[in-house]
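Colleague: First, the structure itself, so that you have it in front of you.
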Amino acid sequence: MSRKLIDLWVGFFVVMGIAALLFLALRVGNLSSANFAETYPLTAKFDNIGGLKVRGPVKSAGVVVGRVTEIRFDPETYEAVTMLTIDSRYRFPKDTFASILTAGLLGEQYIGLDAGGDEKMLKAGDVIAKTQSAVVLEKLISQFMFNKASEGTDKK
Amino acid sequence: MADKDFATLIELIRSVGHRLNSAVQRLGFAARFFLMILVYSGQSFRRLHLTIREIYFSGFQSLLIILVSGLFIGMVLGMQGYETLQRYGASEALGVLVALSLTRELGPVVAALLFASRAGSAITAEIGLMKATEQLTAMDMMAVNPIARVVAPRFWGGVISMPLLAALFSAVGVFGGYLVGVVLIGVDEGAFWAQMQGSVDFRYDIWNGVVKSFVFGVAVSLIAVFEGYDAVPTAEGVSNSIKRTVVYSALAILALDFVLTSFMFRGL
């Protein structure tokens with residue numbers, strides 16, 4: 001087989017391989033949407049983060065605006081400290097409310113940002129002051145049972 | 001009587017020691033051989049068409065088996081995944097299941113296993129036969145370095161082909177999953193792609209898969225050229241080398257896959 005023909009087939013092969021990789025990156029993966037060009041960091045502290053994971057989404061009004069980059073435990077305040085990177089196209093007011101929510105009944109957990117009304121905006125490295133922890137099912141159930149039990153004693 | 005038992009025991013221990021020694025020696029030879037390949041790579045890259053020829057033989061000619069296997073594995077994943085997921089009412093997540101299992105694990109691993117049996121064994125057979133017919137010695141006599149002329153191009157041909165083949169495998173597999181899931185079974189097309197794109201991360205899932213297939217490519221190619229170069233130059237010796245290439249490659253791929261996975265996807 002001549003060298004030219006081999007070159008042609010190898011070129012064909014390499015182009016196909018790269019096309020497959022591009023297909024994976026753009027169609028299967030989310031290279032086009034989720035990699036933010038410029039971001040700024042924010043910190044949020046929670047009493048309980050539930051099942052939140054690193055790389056989990058940060059959403060506002062249901063739109064992904066950032067990602068969770070780091071989760072650690074603060075031994076002084078006994079709180080979970082989460083570091084978020086937010087797309088720098090989006091600015092949030094100082095009194096933005098961060099809460100840990102669940103997508104669907106059994107879906108992954110994410111941080112939801114509800115914008116407040118403050119005129120000052122959060123700057124890079126700021127701490128979100130108002131947070132709400134994840135709802136822990138066991139606590140919810142025990143609270144419910146406790147209420148039921150106390151209702152029962154009232155009636156007597 | 002006791003003396004005889006003692007002598008057999010000593011013999012047993014000695015055979016264990018001998019095996020370990022020769023294994024370590026082979027490992028050392030393989031490491032030096034790998035270094036030699038790297039050292040002489042520059043020389044062989046100056047004649048690039050040698051490497052391109054090997055990409056043709058080990059990469060391009062493996063395309064058919066890779067594409068067909070990828071398609072079927074994707075289709076089976078689509079069927080089995082749908083069967084399980086619809087029990088939990090989550091059949092829309094089929095795209096995620098197919099794409100993640102292919103890009104993270106099945107694509108690199110199965111493509112590498114196929115590559116080892118399709119191309120690795122061929123490389124070993126070729127180099128082993130060259131050695132048995134004393135072509136390698138003849139090259140040495142003519143002041144042509146056999147590592148630069150024969151071994152390094154085959155090694156790099158395999159290393160370059162492997163990630164491309166794995167990417168093709170995954171892409172065709174996702175298409176197979178789409179064919180069965182969306183076209184045949186009727187999962188919603190929008191949800192299939194949207195959930196897939198929502199959960200598959202380029203750097204975390206796809207790029208790690210590419211890194212995996214590159215590592216497998218190095219391992220398989222090195223084992224193939226080493227077994228060929230180290231073959232006992234007889235018909236039986238070459239056949240043993242080919243057998244070892246396939247067995248060691250498969251073991252190396254699966255063991256390396258475990259190590260790489262535990263580093264890459266710890267689910268933190």
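Identifiers in the structure tokens: chain A, B, ... in order shown; residue index from 1 per chain; ligand index from 1 in order shown.
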Hey, which bits of chain A sit within 6 Å of chain B, and for each residue what's the closest pair of atoms and how far apart in Å (one decimal), counting only C-alpha atoms, rows by chain and increasing number, as a tab-separated table?

Modeller:
```
residue	atom	partner	partner_atom	distance
A:Val10	CA	B:Tyr56	CA	5.4
A:Phe13	CA	B:Phe60	CA	5.9
A:Gly17	CA	B:Leu164	CA	4.5
A:Ala20	CA	B:Leu168	CA	5.2
A:Leu21	CA	B:Ala167	CA	5.5
A:Ala25	CA	B:Phe202	CA	5.8
A:Val28	CA	B:Gln197	CA	5.3
A:Gly29	CA	B:Val200	CA	4.7
A:Asn30	CA	B:Gln197	CA	5.0
A:Leu31	CA	B:Phe202	CA	5.6
```

Colleague: Write out as a PyMOL selection string the residues lying within 9 Å of B:Phe45, counting only C-alpha atoms and excluding same-chain residues fewer than 4 positions away.

Modeller: chain B and resi 40-41+49-51+148+152-153

Colleague: For the selection just defined, write its residues with N, CA, C and O atoms to a file, as a short mmCIF file (atom, residue, chain, number, x, y, z; two decimals), in the first residue's frame.

Modeller:
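again25.cif, written as the output of this step:
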```cif
data_model
loop_
_atom_site.label_atom_id
_atom_site.label_comp_id
_atom_site.auth_asym_id
_atom_site.auth_seq_id
_atom_site.Cartn_x
_atom_site.Cartn_y
_atom_site.Cartn_z
N TYR B 40 15.09 6.66 22.13
CA TYR B 40 15.21 6.56 20.67
C TYR B 40 13.99 7.10 19.93
O TYR B 40 13.95 7.06 18.70
N SER B 41 12.98 7.61 20.71
CA SER B 41 11.79 8.14 20.05
C SER B 41 12.13 9.29 19.13
O SER B 41 11.59 9.41 18.03
N HIS B 49 6.89 8.88 8.95
CA HIS B 49 5.99 7.98 8.21
C HIS B 49 5.99 6.57 8.81
O HIS B 49 5.01 5.84 8.68
N LEU B 50 7.07 6.23 9.53
CA LEU B 50 7.09 4.91 10.19
C LEU B 50 5.97 4.84 11.23
O LEU B 50 5.23 3.86 11.32
N THR B 51 5.86 5.92 12.05
CA THR B 51 4.84 5.95 13.08
C THR B 51 3.45 6.02 12.45
O THR B 51 2.51 5.35 12.91
N ALA B 148 14.76 2.00 17.47
CA ALA B 148 14.30 3.22 16.81
C ALA B 148 13.52 2.90 15.54
O ALA B 148 12.57 3.61 15.20
N ALA B 152 9.97 1.62 18.57
CA ALA B 152 9.40 2.92 18.96
C ALA B 152 8.20 3.33 18.09
O ALA B 152 7.20 3.79 18.63
N PRO B 153 8.25 3.18 16.75
CA PRO B 153 7.06 3.55 15.96
C PRO B 153 5.83 2.76 16.35
O PRO B 153 4.72 3.32 16.43
#
```

Colleague: Using only C-alpha atoms, which residues sit within 12 Å of B:Val259 once same-chain residues fewer than 6 positions away are excluded, as a PyMOL selection string?

Modeller: chain B and resi 212+215-216+252-253+265-266

Colleague: Please give the complete set of residues from stretch 121-154 of chain A that DSSP, run on the backbone, assigns to strand (DSSP E or B), formatted as a ChimeraX atom specification.

Modeller: /A:121,127-128,130-132

Colleague: For A:Gly50, find every residue with an atom within 7 Å (counting only C-alpha atoms), except residues of its own chain fewer than 2 positions away, and show them as a ChimeraX atom specification.

Modeller: /A:48,52,134,136

Colleague: Any chance you could export the current selection's all heavy atoms as an mmCIF file, in the first residue's frame?

Modeller:
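As written to disk, again_18.cif reads:
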```cif
data_model
loop_
_atom_site.group_PDB
_atom_site.id
_atom_site.type_symbol
_atom_site.label_atom_id
_atom_site.label_comp_id
_atom_site.auth_asym_id
_atom_site.auth_seq_id
_atom_site.Cartn_x
_atom_site.Cartn_y
_atom_site.Cartn_z
ATOM 1 N N ASN A 48 -26.160 22.847 58.407
ATOM 2 C CA ASN A 48 -26.206 21.477 57.915
ATOM 3 C C ASN A 48 -26.343 21.532 56.400
ATOM 4 O O ASN A 48 -27.236 22.186 55.874
ATOM 5 C CB ASN A 48 -27.422 20.761 58.530
ATOM 6 C CG ASN A 48 -27.383 19.273 58.259
ATOM 7 O OD1 ASN A 48 -26.789 18.837 57.273
ATOM 8 N ND2 ASN A 48 -28.004 18.511 59.120
ATOM 9 N N LEU A 52 -25.150 17.847 50.059
ATOM 10 C CA LEU A 52 -24.518 18.698 49.042
ATOM 11 C C LEU A 52 -23.118 18.188 48.729
ATOM 12 O O LEU A 52 -22.391 17.751 49.612
ATOM 13 C CB LEU A 52 -24.447 20.137 49.548
ATOM 14 C CG LEU A 52 -23.984 21.180 48.541
ATOM 15 C CD1 LEU A 52 -25.074 21.433 47.513
ATOM 16 C CD2 LEU A 52 -23.609 22.464 49.233
ATOM 17 N N ALA A 134 -30.106 22.477 54.993
ATOM 18 C CA ALA A 134 -30.858 21.431 54.323
ATOM 19 C C ALA A 134 -31.920 20.887 55.258
ATOM 20 O O ALA A 134 -31.744 20.887 56.476
ATOM 21 C CB ALA A 134 -29.922 20.312 53.904
ATOM 22 N N VAL A 136 -33.513 17.986 56.934
ATOM 23 C CA VAL A 136 -33.161 16.593 57.204
ATOM 24 C C VAL A 136 -34.445 15.835 57.510
ATOM 25 O O VAL A 136 -35.220 16.229 58.387
ATOM 26 C CB VAL A 136 -32.177 16.497 58.388
ATOM 27 C CG1 VAL A 136 -31.846 15.052 58.685
ATOM 28 C CG2 VAL A 136 -30.925 17.275 58.072
#
```

Colleague: Would you pick out the contacts of A:Tyr40 at 6 Å or less, using only C-alpha atoms, so that residues sharing its chain but fewer than 3 positions from it are not included, and give the list as a PDB file with N, CA and C atoms, in the first residue's frame?

Modeller:
```pdb
ATOM      1  N   THR A  85     -18.283  29.409  43.379  1.00  0.00           N
ATOM      2  CA  THR A  85     -17.832  30.318  42.321  1.00  0.00           C
ATOM      3  C   THR A  85     -19.051  30.669  41.488  1.00  0.00           C
ATOM      4  N   ILE A  86     -19.239  31.957  41.309  1.00  0.00           N
ATOM      5  CA  ILE A  86     -20.419  32.463  40.605  1.00  0.00           C
ATOM      6  C   ILE A  86     -19.949  33.133  39.321  1.00  0.00           C
ATOM      7  N   SER A  88     -19.404  35.737  36.708  1.00  0.00           N
ATOM      8  CA  SER A  88     -19.303  37.169  37.027  1.00  0.00           C
ATOM      9  C   SER A  88     -20.298  38.012  36.222  1.00  0.00           C
ATOM     10  N   ALA A 124     -16.426  39.920  45.399  1.00  0.00           N
ATOM     11  CA  ALA A 124     -15.649  38.682  45.423  1.00  0.00           C
ATOM     12  C   ALA A 124     -15.125  38.417  46.824  1.00  0.00           C
TER      13      ALA A 124
END
```
